[in-house]
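The next block holds one structure in the form of structure tokens; read it before the comments.
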Amino acid sequence: MVKPKKVPAFTPYYTEDQAGQVRAAFKEAGSAEGDASVSDLIVRATMREVKRMQRKYNGGKPWPPVPAGELRRGQRTMDEMRRQDEGK
């Protein structure tokens with residue numbers, strides 16, 4: 001038996017309010033939008049944003065992939081969260 005290839009994964013961190021809104025959006029409109037799961041919604045929304053960034057910063061072209069493990073892991077630090085909140 002051939003073992004299926006593992007899909008590279010990300011774990012986004014949401015505030016309680018953000019997570020509640022993601023779940024609510026999926027519950028109320030996910031089916032109408034074609035999302036079979038919350039993961040589908042998150043992937044679809046993320047890729048829409050990636051494509052926007054590609055258009056804005058890379059002439060609409062995909063960037064070379066970045067290997068798993070090369071990016072910083074984990075949640076933002078308290079200082080980063082404070083600075084983000086101050087910018088609102």
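In the structure tokens, the first chain shown is A, the next is B, and so on; residue numbers restart at 1 for each chain, and ligands run from 1 in the order shown.
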
### Query
Hey, what does DSSP flag as helix (DSSP H, G or I) within chain A? Can you give it to me as an MDAnalysis selection string?
chainID A and resid 16:33 38:57 78:86

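For the residues A:Ala68, A:Met53, A:Val38, A:Ala32, ranking by smallest atom-to-atom distance to Ala19 (chain A) using only C-alpha atoms places A:Val38 first.
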
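By chain and then residue number, the residues within 8 Å of region 21-28 of chain A are Asp35, Ser37, Val38 and Leu41 of chain A, counting only C-alpha atoms and disregarding those fewer than 5 positions away in sequence.
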
Do a neighbour search on Thr46 (chain A) at 12 Å with only C-alpha atoms, toss out local chain neighbours closer than 6 positions, and write the hits as a PDB file with C-alpha atoms, in the first residue's frame.
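around04.pdb, written as the output of this step:
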```pdb
ATOM      1  CA  PHE A  10      -0.013  26.000   8.161  1.00  0.00           C
ATOM      2  CA  PRO A  12      -3.102  30.299  11.427  1.00  0.00           C
ATOM      3  CA  SER A  39     -10.298  24.886   5.647  1.00  0.00           C
ATOM      4  CA  ASP A  40     -11.694  25.372   2.132  1.00  0.00           C
ATOM      5  CA  ARG A  52      -3.583  40.237  -5.054  1.00  0.00           C
ATOM      6  CA  MET A  53      -0.085  40.535  -3.596  1.00  0.00           C
TER       7      MET A  53
END
```
